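Novice: What follows is coords15.txt; its format and atoms are compact mmCIF, C-alpha atoms.
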# COMPACT_ATOMS: atom_id res chain seq x y z
CA LYS F 1 83.94 -130.21 81.27
CA ALA F 2 86.72 -132.15 83.03
CA SER F 3 88.94 -131.81 79.94
CA ARG F 4 88.84 -128.04 80.04
CA GLY F 5 92.07 -126.25 80.66
CA THR F 6 92.59 -123.43 83.08
CA SER F 7 93.30 -119.82 82.32
CA THR F 8 96.41 -120.10 84.49
CA ALA F 9 97.81 -122.85 82.25
CA ALA F 10 96.92 -120.84 79.11
CA GLU F 11 98.77 -117.81 80.48
CA ALA F 12 101.88 -119.97 81.04
CA ILE F 13 101.77 -121.27 77.44
CA LEU F 14 101.39 -117.80 75.99
CA ASP F 15 104.20 -116.46 78.18
CA GLU F 16 106.48 -119.25 76.94
CA ALA F 17 105.48 -118.67 73.30
CA SER F 18 106.26 -114.96 73.59
CA SER F 19 109.80 -115.76 74.68
CA LEU F 20 110.49 -117.72 71.49
CA GLY F 21 111.57 -116.14 68.25
CA PRO F 22 109.26 -115.68 65.27
CA PHE F 23 108.23 -118.80 63.38
CA TYR F 24 108.60 -119.00 59.62
CA ASP F 25 107.24 -121.75 57.44
CA SER F 26 109.45 -123.40 54.88
CA PRO F 27 108.05 -123.69 51.36
CA GLY F 28 105.14 -126.14 51.47
CA ASP F 29 105.06 -126.16 55.30
CA ASP F 30 102.16 -124.54 57.29
CA PHE F 31 103.18 -125.45 60.85
CA ALA F 32 103.97 -121.88 61.88
CA GLU F 33 100.65 -120.65 60.51
CA HIS F 34 98.69 -123.29 62.44
CA LEU F 35 100.64 -122.39 65.58
CA ARG F 36 99.78 -118.70 65.19
CA ILE F 37 96.09 -119.60 64.75
CA ILE F 38 96.15 -121.80 67.86
CA LEU F 39 97.89 -119.16 69.93
CA GLY F 40 95.44 -116.53 68.67
CA GLU F 41 92.44 -118.66 69.66
CA LEU F 42 94.02 -119.38 73.01
CA THR F 43 94.49 -115.65 73.56
CA LYS F 44 90.84 -115.03 72.66
CA GLN F 45 89.61 -117.63 75.16
CA LEU F 46 91.93 -116.24 77.82
CA VAL F 47 90.48 -112.78 77.29
CA SER F 48 86.95 -114.18 77.75
CA SER F 49 88.04 -115.89 80.95
CA ARG F 50 89.62 -112.71 82.27
CA GLU F 51 86.52 -110.68 81.42
CA TRP F 52 84.43 -113.16 83.41
CA SER F 53 86.84 -112.82 86.35
CA ALA F 54 86.62 -109.02 86.14
CA ASP F 55 82.80 -109.18 86.21
CA LEU F 56 82.91 -111.43 89.27
CA ARG F 57 85.31 -109.10 91.07
CA ASP F 58 82.93 -106.22 90.33
CA MET F 59 80.05 -108.21 91.83
CA PHE F 60 82.09 -108.94 94.95
CA ALA F 61 83.58 -105.46 95.32
CA PRO F 62 82.23 -103.52 98.35
CA LEU F 63 80.14 -100.49 97.40
CA SER F 64 82.40 -98.28 99.52
CA THR F 65 85.47 -99.09 97.39
CA TYR F 66 83.84 -99.46 93.98
CA HIS F 67 84.64 -96.66 91.56
CA GLY F 68 82.86 -97.80 88.41
CA PRO F 69 79.40 -96.93 87.06
CA ARG F 70 77.75 -99.42 89.39
CA SER F 71 74.71 -98.00 91.20
CA LYS F 72 74.62 -97.99 94.99
CA ASN F 73 71.27 -99.73 94.73
CA ASP F 74 72.73 -102.69 92.83
CA ARG F 75 72.37 -105.88 94.84
CA TYR F 76 73.08 -109.38 93.67
CA SER F 77 70.94 -112.37 94.51
CA LEU F 78 71.63 -116.08 94.60
CA ILE F 79 70.10 -116.28 91.12
CA ASP F 80 72.62 -113.72 89.83
CA LEU F 81 75.50 -115.75 91.24
CA ARG F 82 74.19 -118.98 89.74
CA ASP F 83 73.83 -117.26 86.36
CA GLN F 84 77.45 -116.13 86.65
CA LEU F 85 78.46 -119.73 87.40
CA LYS F 86 76.61 -120.89 84.27
CA LEU F 87 78.62 -118.40 82.22
CA CYS F 88 81.76 -119.84 83.74
CA ASP F 89 80.68 -123.35 82.68
CA SER F 90 80.39 -122.12 79.09
CA LEU F 91 83.98 -120.86 79.03
CA VAL F 92 86.73 -122.93 77.38
CA LEU F 93 89.23 -121.95 80.06
CA ILE F 94 88.36 -122.23 83.77
CA PRO F 95 88.97 -118.93 85.63
CA PRO F 96 90.82 -119.16 88.99
CA GLU F 97 87.84 -117.52 90.79
CA GLU F 98 85.45 -120.37 89.88
CA GLY F 99 86.15 -122.15 93.17
CA GLN F 100 85.52 -118.96 95.13
CA LEU F 101 82.16 -118.45 93.45
CA LYS F 102 81.08 -122.04 94.12
CA GLY F 103 82.09 -121.64 97.76
CA VAL F 104 80.09 -118.43 98.14
CA ILE F 105 77.01 -120.03 96.57
CA ALA F 106 77.29 -123.01 98.92
CA GLU F 107 77.57 -120.68 101.94
CA ILE F 108 74.52 -118.68 100.87
CA VAL F 109 72.45 -121.83 100.36
CA LYS F 110 73.50 -123.06 103.81
CA MET F 111 72.68 -119.68 105.34
CA ASN F 112 69.25 -119.56 103.72
CA GLU F 113 68.47 -123.01 105.06
CA SER F 114 69.64 -122.03 108.54
CA THR F 115 67.42 -118.94 108.51
CA LYS F 116 64.48 -120.94 107.21
CA LYS F 117 64.84 -123.43 110.07
CA LEU F 118 64.67 -120.58 112.60
CA PHE F 119 61.21 -119.50 111.52
CA SER F 120 59.63 -122.18 109.32
CA HIS F 121 57.95 -124.01 112.24
CA LEU F 122 55.73 -120.97 112.79
CA LYS F 123 52.50 -120.27 110.95
CA ILE F 124 50.73 -117.13 109.77
CA GLY F 125 48.36 -116.03 112.50
CA ASN F 126 44.58 -116.05 111.93
CA ASP F 127 44.93 -117.78 108.58
CA GLY F 128 43.45 -121.27 108.44
CA ASP F 129 45.10 -122.01 105.10
CA LYS F 130 48.58 -121.59 106.55
CA GLU F 131 48.56 -124.14 109.36
CA GLY F 132 51.52 -126.08 107.97
CA GLU F 133 55.10 -125.00 107.62
CA ILE F 134 55.87 -122.13 105.27
CA GLU F 135 58.18 -123.49 102.61
CA GLU F 136 59.45 -120.42 100.77
CA LEU F 137 62.14 -118.34 102.49
CA ASP F 138 60.89 -115.08 100.94
CA GLU F 139 57.42 -115.70 102.37
CA ILE F 140 58.88 -116.52 105.78
CA LEU F 141 60.88 -113.30 105.91
CA LYS F 142 57.88 -111.27 104.76
CA GLN F 143 55.65 -112.65 107.51
CA VAL F 144 58.35 -112.27 110.17
CA GLU F 145 58.84 -108.65 109.19
CA ASN F 146 55.10 -108.01 109.52
CA ASN F 147 54.97 -109.75 112.94
CA LYS F 148 52.34 -112.20 111.65
CA LEU F 149 53.99 -115.48 112.57
CA VAL F 150 52.80 -117.35 115.65
CA ALA F 151 53.31 -120.81 117.12
CA PRO F 152 50.99 -123.44 115.61
CA ALA F 153 48.08 -124.48 117.80
CA THR F 154 49.44 -128.03 117.86
CA GLN F 155 52.59 -126.91 119.67
CA SER F 156 52.28 -127.01 123.44
CA VAL F 157 55.47 -124.99 123.87
CA ALA F 158 56.46 -122.40 121.30
CA TRP F 159 60.11 -122.33 120.34
CA ILE F 160 61.31 -118.89 119.34
CA PRO F 161 64.75 -118.13 117.89
CA THR F 162 67.06 -116.14 120.15
CA MET F 163 69.45 -113.28 119.56
CA GLU F 164 72.26 -115.82 119.76
CA ASP F 165 70.73 -117.80 116.87
CA ILE F 166 70.64 -114.68 114.69
CA SER F 167 74.16 -113.75 115.77
CA ASP F 168 75.47 -117.14 114.63
CA VAL F 169 74.02 -116.64 111.15
CA LEU F 170 75.36 -113.09 110.88
CA LYS F 171 78.84 -114.16 111.99
CA ALA F 172 78.82 -116.85 109.30
CA ALA F 173 77.98 -114.16 106.73
CA GLU F 174 80.80 -111.78 107.70
CA HIS F 175 83.27 -113.25 105.21
CA LEU F 176 80.83 -113.21 102.28
CA PRO F 177 81.93 -110.74 99.61
CA ILE F 178 78.37 -109.56 98.87
CA ASP F 179 75.27 -108.54 100.79
CA ILE F 180 72.45 -111.03 100.29
CA PRO F 181 68.76 -110.34 101.11
CA VAL F 182 68.58 -112.74 104.05
CA VAL F 183 71.56 -111.11 105.74
CA THR F 184 70.16 -107.63 105.13
CA PHE F 185 66.88 -108.77 106.66
CA LEU F 186 68.55 -110.32 109.72
CA HIS F 187 70.60 -107.17 110.30
CA ALA F 188 67.39 -105.10 110.28
CA LEU F 189 65.73 -107.60 112.64
CA TRP F 190 68.78 -107.44 114.91
CA ASP F 191 68.55 -103.64 115.07
CA LYS F 192 64.83 -103.80 115.93
CA ALA F 193 65.55 -106.36 118.64
CA ASN F 194 68.20 -104.15 120.21
CA LYS F 195 65.80 -101.20 120.30
CA LEU F 196 63.15 -103.35 121.99
CA ILE F 197 65.75 -104.73 124.42
CA HIS F 198 66.79 -101.17 125.31
CA GLU F 199 63.19 -100.06 125.89
CA THR F 200 62.40 -103.14 127.98
CA SER F 201 65.61 -102.86 129.98
CA VAL F 202 64.83 -99.23 130.80
CA PHE F 203 61.43 -100.33 132.14
CA ILE F 204 62.99 -103.11 134.26
CA ASP F 205 65.77 -100.83 135.54
CA ARG F 206 63.24 -98.14 136.46
CA SER F 207 61.23 -100.69 138.42
CA HIS F 208 64.37 -101.73 140.31
CA ALA F 209 65.34 -98.10 140.94
CA CYS F 210 61.89 -97.25 142.32
CA LYS F 211 61.97 -100.26 144.62
CA THR F 212 65.43 -99.58 146.06
CA ARG F 213 65.27 -95.80 146.54
CA THR F 214 64.83 -94.58 150.10
CA LYS F 215 62.38 -91.92 149.00
CA ALA F 216 60.52 -93.28 146.02
CA ARG F 217 58.89 -89.96 145.28
CA SER F 218 62.28 -88.66 144.18
CA VAL F 219 61.83 -90.80 141.08
CA GLY F 220 58.99 -88.53 140.10
CA ASP F 221 55.43 -89.49 139.26
CA SER F 222 55.94 -88.17 135.72
CA ALA F 223 58.53 -90.93 135.19
CA LYS F 224 56.06 -93.60 136.22
CA GLY F 225 53.75 -95.33 133.77
CA SER F 226 50.58 -97.34 134.02
CA ILE F 227 50.04 -101.07 134.08
CA ALA F 228 48.29 -100.70 130.72
CA ASP F 229 51.51 -99.24 129.25
CA ALA F 230 53.51 -102.12 130.73
CA LYS F 231 51.09 -104.66 129.28
CA ASN F 232 51.44 -103.02 125.87
CA LEU F 233 55.23 -103.38 126.14
CA MET F 234 54.84 -107.01 127.23
CA GLN F 235 52.60 -107.73 124.22
CA ARG F 236 55.19 -106.25 121.88
CA VAL F 237 57.84 -108.49 123.44
CA LEU F 238 55.49 -111.48 123.01
CA ASP F 239 54.78 -110.61 119.37
CA PHE F 240 58.42 -110.06 118.47
CA PRO F 241 59.80 -112.95 116.37
CA LEU F 242 62.90 -113.28 118.58
CA ASP F 243 63.21 -114.25 122.23
CA ILE F 244 65.03 -111.29 123.78
CA GLY F 245 65.16 -112.99 127.20
CA LEU F 246 63.38 -110.24 129.20
CA LEU F 247 59.77 -111.43 129.15
CA PRO F 248 59.78 -113.18 132.60
CA ALA F 249 61.04 -110.02 134.32
CA VAL F 250 58.33 -107.87 132.69
CA GLU F 251 55.62 -110.39 133.55
CA ASN F 252 56.76 -110.48 137.19
CA ILE F 253 56.68 -106.67 137.53
CA ILE F 254 53.17 -106.53 136.10
CA ASP F 255 51.99 -109.43 138.27
CA VAL F 256 53.26 -107.73 141.45
CA GLY F 257 51.55 -104.48 140.45
CA GLU F 258 48.22 -106.14 139.70
CA ARG F 259 48.22 -108.11 142.96
CA TRP F 260 48.92 -104.87 144.86
CA GLN F 261 46.02 -103.17 143.06
CA LYS F 262 43.63 -106.01 143.88
CA GLU F 263 44.49 -105.89 147.56
CA VAL F 264 43.99 -102.14 147.71
CA GLN F 265 40.68 -102.53 145.87
CA SER F 266 39.60 -105.11 148.43
CA ILE F 267 40.46 -102.73 151.29
CA SER F 268 38.63 -99.91 149.53
CA ASN F 269 35.50 -102.03 149.20
CA GLN F 270 35.58 -102.97 152.88
CA GLY F 271 34.08 -99.72 154.05
CA LYS F 272 31.30 -99.97 151.47
CA ASP F 273 29.90 -103.20 152.96
CA THR F 274 28.37 -101.72 156.12
CA ALA F 275 24.89 -102.16 154.67
CA LYS F 276 25.36 -105.94 154.53
CA SER F 277 24.37 -108.23 157.37
CA GLN F 278 27.04 -109.64 159.65
CA ARG F 279 26.45 -113.10 158.21
CA GLN F 280 26.96 -111.84 154.66
CA ARG F 281 30.12 -109.98 155.64
CA ASP F 282 31.47 -113.09 157.34
CA LYS F 283 30.72 -115.07 154.19
CA ASP F 284 32.45 -112.49 151.96
CA ARG F 285 35.44 -112.53 154.30
CA GLU F 286 35.67 -116.31 154.04
CA ILE F 287 35.54 -116.19 150.22
CA ALA F 288 38.23 -113.50 150.12
CA THR F 289 40.47 -115.52 152.42
CA ASN F 290 40.09 -118.61 150.23
CA GLU F 291 41.06 -116.54 147.19
CA GLY F 292 44.22 -115.36 148.90
CA ARG F 293 43.08 -111.79 149.48
CA SER F 294 41.65 -109.99 152.44
CA GLY F 295 39.73 -106.78 152.84
CA ASN F 296 40.73 -106.73 156.52
CA ALA F 297 43.90 -104.71 156.80
CA SER F 298 45.65 -103.59 159.95
CA ILE F 299 47.29 -100.23 160.16
CA LYS F 300 50.64 -101.94 159.77
CA ARG F 301 49.47 -103.62 156.57
CA VAL F 302 48.11 -100.34 155.23
CA GLU F 303 51.46 -98.68 156.01
CA SER F 304 53.23 -101.53 154.23
CA LEU F 305 50.99 -101.17 151.17
CA ILE F 306 51.62 -97.43 151.06
CA ASN F 307 55.35 -98.07 151.14
CA GLU F 308 55.06 -100.67 148.34
CA GLY F 309 52.87 -98.40 146.23
CA GLU F 310 55.22 -95.43 146.58
CA LYS F 311 58.15 -97.62 145.54
CA SER F 312 56.33 -99.10 142.55
CA CYS F 313 57.28 -98.12 139.01
CA PHE F 314 53.57 -97.62 138.30
CA ASP F 315 51.57 -94.46 138.93
CA PHE F 316 49.35 -95.59 141.83
CA GLU F 317 48.43 -92.14 143.17
CA LYS F 318 44.68 -92.84 143.20
CA GLU F 319 45.15 -96.08 145.10
CA LEU F 320 47.64 -94.45 147.46
CA ASP F 321 45.12 -91.70 148.26
CA VAL F 322 42.66 -94.42 149.28
CA LEU F 323 45.25 -96.03 151.56
CA ARG F 324 46.31 -92.73 153.11
CA GLU F 325 42.68 -91.91 153.84
CA ARG F 326 42.26 -95.38 155.32
CA ARG F 327 45.34 -94.84 157.49
CA GLN F 328 44.01 -91.51 158.70
CA GLN F 329 40.63 -93.06 159.55
CA ALA F 330 42.32 -95.89 161.42
CA LYS F 331 44.36 -93.45 163.51
CA GLN F 332 41.23 -91.48 164.32
CA TRP F 333 39.41 -94.63 165.36
CA LEU F 334 42.33 -95.70 167.55
CA ASP F 335 42.38 -92.30 169.24
CA LYS F 336 38.64 -92.58 169.76
CA LEU F 337 39.05 -96.05 171.24
CA LYS F 338 41.79 -94.91 173.62
CA ASN F 339 39.94 -91.80 174.73
CA SER F 340 36.75 -93.74 175.37
CA PHE F 341 38.45 -95.40 178.35
CA ARG F 342 39.94 -92.21 179.86
CA PRO F 343 37.74 -90.33 182.38
CA LYS F 344 37.83 -86.55 182.08
CA SER F 345 36.82 -83.84 184.52
CA LYS F 346 33.68 -81.86 183.72
CA GLY F 347 34.08 -78.79 181.57
CA SER F 348 37.50 -79.55 180.20
CA SER F 349 38.23 -79.79 176.51
CA ARG F 350 39.96 -82.65 174.66
CA LYS F 351 40.86 -83.18 171.07
CA TYR F 352 42.01 -86.09 168.91
CA THR F 353 45.51 -86.08 167.48
CA ASP F 354 44.10 -84.77 164.20
CA GLY F 355 42.59 -81.73 165.92
CA THR F 356 38.94 -82.83 165.95
CA LYS F 357 37.05 -82.43 169.24
CA VAL F 358 36.37 -85.47 171.44
CA GLN F 359 32.67 -86.16 171.96
CA THR F 360 31.76 -86.08 175.69
CA ASP F 361 28.60 -86.58 177.72
CA GLU F 362 27.02 -84.01 180.02
CA ASN F 363 29.46 -84.97 182.79
CA GLY F 364 32.49 -84.40 180.56
CA ASN F 365 33.32 -88.06 180.02
CA PRO F 366 34.13 -89.24 176.48
CA ILE F 367 31.34 -91.09 174.76
CA LYS F 368 32.36 -94.70 174.43
CA MET F 369 32.38 -96.44 171.08
CA ASN F 370 29.51 -98.79 170.45
CA LEU F 371 30.05 -102.44 169.53
CA GLU F 372 29.52 -101.93 165.80
CA GLU F 373 32.16 -99.19 165.67
CA MET F 374 34.64 -101.40 167.50
CA LYS F 375 34.00 -104.28 165.10
CA PHE F 376 34.60 -101.93 162.17
CA LEU F 377 37.92 -100.87 163.68
CA VAL F 378 39.02 -104.45 164.37
CA ASP F 379 38.02 -105.48 160.85
Is it possible to give me this structure as structure tokens?

Specialist:
Amino acid sequence: KASRGTSTAAEAILDEASSLGPFYDSPGDDFAEHLRIILGELTKQLVSSREWSADLRDMFAPLSTYHGPRSKNDRYSLIDLRDQLKLCDSLVLIPPEEGQLKGVIAEIVKMNESTKKLFSHLKIGNDGDKEGEIEELDEILKQVENNKLVAPATQSVAWIPTMEDISDVLKAAEHLPIDIPVVTFLHALWDKANKLIHETSVFIDRSHACKTRTKARSVGDSAKGSIADAKNLMQRVLDFPLDIGLLPAVENIIDVGERWQKEVQSISNQGKDTAKSQRQRDKDREIATNEGRSGNASIKRVESLINEGEKSCFDFEKELDVLRERRQQAKQWLDKLKNSFRPKSKGSSRKYTDGTKVQTDENGNPIKMNLEEMKFLVD
């Protein structure tokens, strides 16, 4: 193979021969005839080399600029390129594009290996026969596309490729003259990632907008979703084969919402415990305190929770109704407590701030709250 000549050198020889005059053999001499045969064979081999070069240029030509009979669905694989290189090895004359083809093949091999390293440490979920690394690139891409790859159970911390990792591979492929399957796949994965990033960013931005608006209701309840919807989005981010960098923010928003819900639920359950003994209520209060929650909420805390709920990106209307009712009850109880200490002349009429009539005795004095009612208000 090392003794092969190049098509460039053959072209130079033929150009030089064409500039010479015709050769004629003297009687008994066949030198000119042998020279014509040699030049003819050289021309034939040069034609074969040029045909190979033309085929390679057709393979590398972009579909947008190709004007031949080639189908738009034609795509060339690494196998096709290696077959073309084998044809080159069989030629007598080395085409000038041989080095280009070898370089492209080397780049594709390197790119395939880089892509394989991004995902090969993962395993196919819920498949006991696939605990080890997946060796074949085609199988890796298939499982990634179907969102079936997960971190192996032996890994304490899952490493997931980032958008930057994919970008590096795609940038390395920009100069390649053909589209290869792995690049096509990564472009599709990149597009999916950007759609998920957009959807997740909209959710995060909406949460921030709700929290910072002076009147949260201007956001509109119709624009608010549920925690279940947010958890579904978070699961999709978790299942996606790339780390899009937004998971912590989504988790924090959901965590804040769930903690708010639990506190409101605890306050809601407070009024349902009147049938319990004082000892049992004290015990429940102690357990709740140890767990970092409290069913005992002052009016100020209820007001604060209402403000937080109205500024949440979640639709908490049911919980907010509970808090507003609780706030109204608390105001009524405070009015009742204040009025119980104010003497009133007989026959006069008094009402609470909400319009309900104050209960008085036969002498016109407000009926004082009993101890149990006061404890309920303090609680």

Novice: Report the distance between atom CA of F:Ile267 and atom CA of F:Cys313 in Å, rounded to one decimal place.

Specialist: 21.3 Å

Novice: Give me the residues near F:Ser48 as an NGL selection string, where near means some atom within 10 Å (using all atoms listed in the file) and where sequence neighbours in that chain fewer than 4 positions away do not count.

Specialist: :F and (7 or 42-44 or 52-54 or 88 or 91-93 or 95)

Novice: Using atom CA of F:Ile94 and atom CA of F:Leu39 as the two end points, give the distance in Å to one decimal.

Specialist: 17.1 Å

Novice: Point out the residue among F:Arg324, F:Lys318, F:Lys262, F:Lys211 with the least atom-to-atom distance to F:Glu303, counting all atoms listed in the file.

Specialist: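 For F:Glu303, the nearest of the given residues is F:Arg324.
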
Novice: Identify which of the residues F:Ala330, F:Ala249, F:Val144, F:Ala173 lies closest to F:Ala106, counting only C-alpha atoms when measuring atom-to-atom distances.

Specialist: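 For F:Ala106, the nearest of the given residues is F:Ala173.
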
Novice: Would you compute the box with edges along x, y and z of the file around stretch 186-189 of chain F, including every atom the file lists for it and 4 Å extra on each side, and give its centre and edge lengths in Å to one decimal, as lines of an AutoDock Vina configuration file?

Specialist:
center_x = 68.2
center_y = -107.7
center_z = 111.2
size_x = 12.9
size_y = 13.2
size_z = 10.9

Novice: Considering all atoms listed in the file, return as a list in words whatever protein or nucleic-acid residues lie within 12 Å of F:Ile254, sequence-local ones (same chain, fewer than 2 positions apart) excluded.

Specialist: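 Once the adjacent positions are removed, what remains is Phe203, Ile204, Ser207, Gly225, Ser226, Ile227, Ala228, Asp229, Ala230, Lys231, Asn232, Leu233, Met234, Gln235, Leu247, Pro248, Ala249, Val250, Glu251, Asn252, Val256, Gly257, Glu258, Arg259, Trp260, Gln261, Ser312, Cys313 and Phe314 of chain F.
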
Novice: Tell me which of F:Leu334, F:Leu56, F:Leu14, F:Ile244 sits closest to F:Glu199, counting all atoms listed in the file.

Specialist: F:Ile244

Novice: Since the input is missing atoms, can you rebuild all heavy atoms for stretch 296-305 of chain F and write them as a compact mmCIF listing (two decimals), keeping the file's coordinate frame?

Specialist:
# COMPACT_ATOMS: atom_id res chain seq x y z
N ASN F 296 40.39 -107.14 155.17
CA ASN F 296 40.73 -106.73 156.52
C ASN F 296 42.21 -106.39 156.56
O ASN F 296 43.05 -107.25 156.41
CB ASN F 296 40.44 -107.85 157.51
CG ASN F 296 38.99 -108.32 157.39
OD1 ASN F 296 38.13 -107.52 157.08
ND2 ASN F 296 38.76 -109.59 157.64
N ALA F 297 42.51 -105.13 156.79
CA ALA F 297 43.90 -104.71 156.80
C ALA F 297 44.20 -103.92 158.05
O ALA F 297 43.48 -102.97 158.37
CB ALA F 297 44.21 -103.87 155.57
N SER F 298 45.22 -104.33 158.77
CA SER F 298 45.65 -103.59 159.95
C SER F 298 46.34 -102.32 159.52
O SER F 298 46.68 -102.14 158.34
CB SER F 298 46.59 -104.45 160.78
OG SER F 298 47.77 -104.70 160.04
N ILE F 299 46.58 -101.46 160.49
CA ILE F 299 47.29 -100.23 160.16
C ILE F 299 48.67 -100.55 159.64
O ILE F 299 49.16 -99.91 158.70
CB ILE F 299 47.38 -99.32 161.41
CG1 ILE F 299 45.99 -98.83 161.81
CG2 ILE F 299 48.28 -98.13 161.14
CD1 ILE F 299 45.97 -97.95 163.02
N LYS F 300 49.31 -101.56 160.23
CA LYS F 300 50.64 -101.94 159.77
C LYS F 300 50.62 -102.40 158.32
O LYS F 300 51.51 -102.08 157.54
CB LYS F 300 51.20 -103.05 160.66
CG LYS F 300 51.62 -102.59 162.04
CD LYS F 300 52.27 -103.72 162.82
CE LYS F 300 52.74 -103.24 164.19
NZ LYS F 300 53.38 -104.33 164.95
N ARG F 301 49.57 -103.16 157.96
CA ARG F 301 49.47 -103.62 156.57
C ARG F 301 49.21 -102.46 155.62
O ARG F 301 49.77 -102.41 154.52
CB ARG F 301 48.36 -104.67 156.43
CG ARG F 301 48.21 -105.23 155.02
CD ARG F 301 49.51 -105.78 154.52
NE ARG F 301 49.46 -106.19 153.11
CZ ARG F 301 50.52 -106.28 152.34
NH1 ARG F 301 51.73 -106.00 152.80
NH2 ARG F 301 50.40 -106.66 151.09
N VAL F 302 48.37 -101.52 156.06
CA VAL F 302 48.11 -100.34 155.23
C VAL F 302 49.40 -99.55 155.03
O VAL F 302 49.71 -99.09 153.93
CB VAL F 302 47.02 -99.46 155.87
CG1 VAL F 302 46.91 -98.12 155.13
CG2 VAL F 302 45.67 -100.18 155.84
N GLU F 303 50.17 -99.38 156.11
CA GLU F 303 51.46 -98.68 156.01
C GLU F 303 52.38 -99.40 155.03
O GLU F 303 53.07 -98.79 154.22
CB GLU F 303 52.12 -98.60 157.38
CG GLU F 303 51.41 -97.67 158.36
CD GLU F 303 51.73 -96.21 158.11
OE1 GLU F 303 52.39 -95.91 157.09
OE2 GLU F 303 51.32 -95.37 158.93
N SER F 304 52.38 -100.74 155.11
CA SER F 304 53.23 -101.53 154.23
C SER F 304 52.81 -101.36 152.77
O SER F 304 53.65 -101.22 151.87
CB SER F 304 53.17 -103.01 154.62
OG SER F 304 53.93 -103.80 153.73
N LEU F 305 51.50 -101.34 152.54
CA LEU F 305 50.99 -101.17 151.17
C LEU F 305 51.33 -99.79 150.63
O LEU F 305 51.64 -99.62 149.45
CB LEU F 305 49.48 -101.39 151.14
CG LEU F 305 49.01 -102.85 151.27
CD1 LEU F 305 47.50 -102.91 151.46
CD2 LEU F 305 49.42 -103.66 150.05
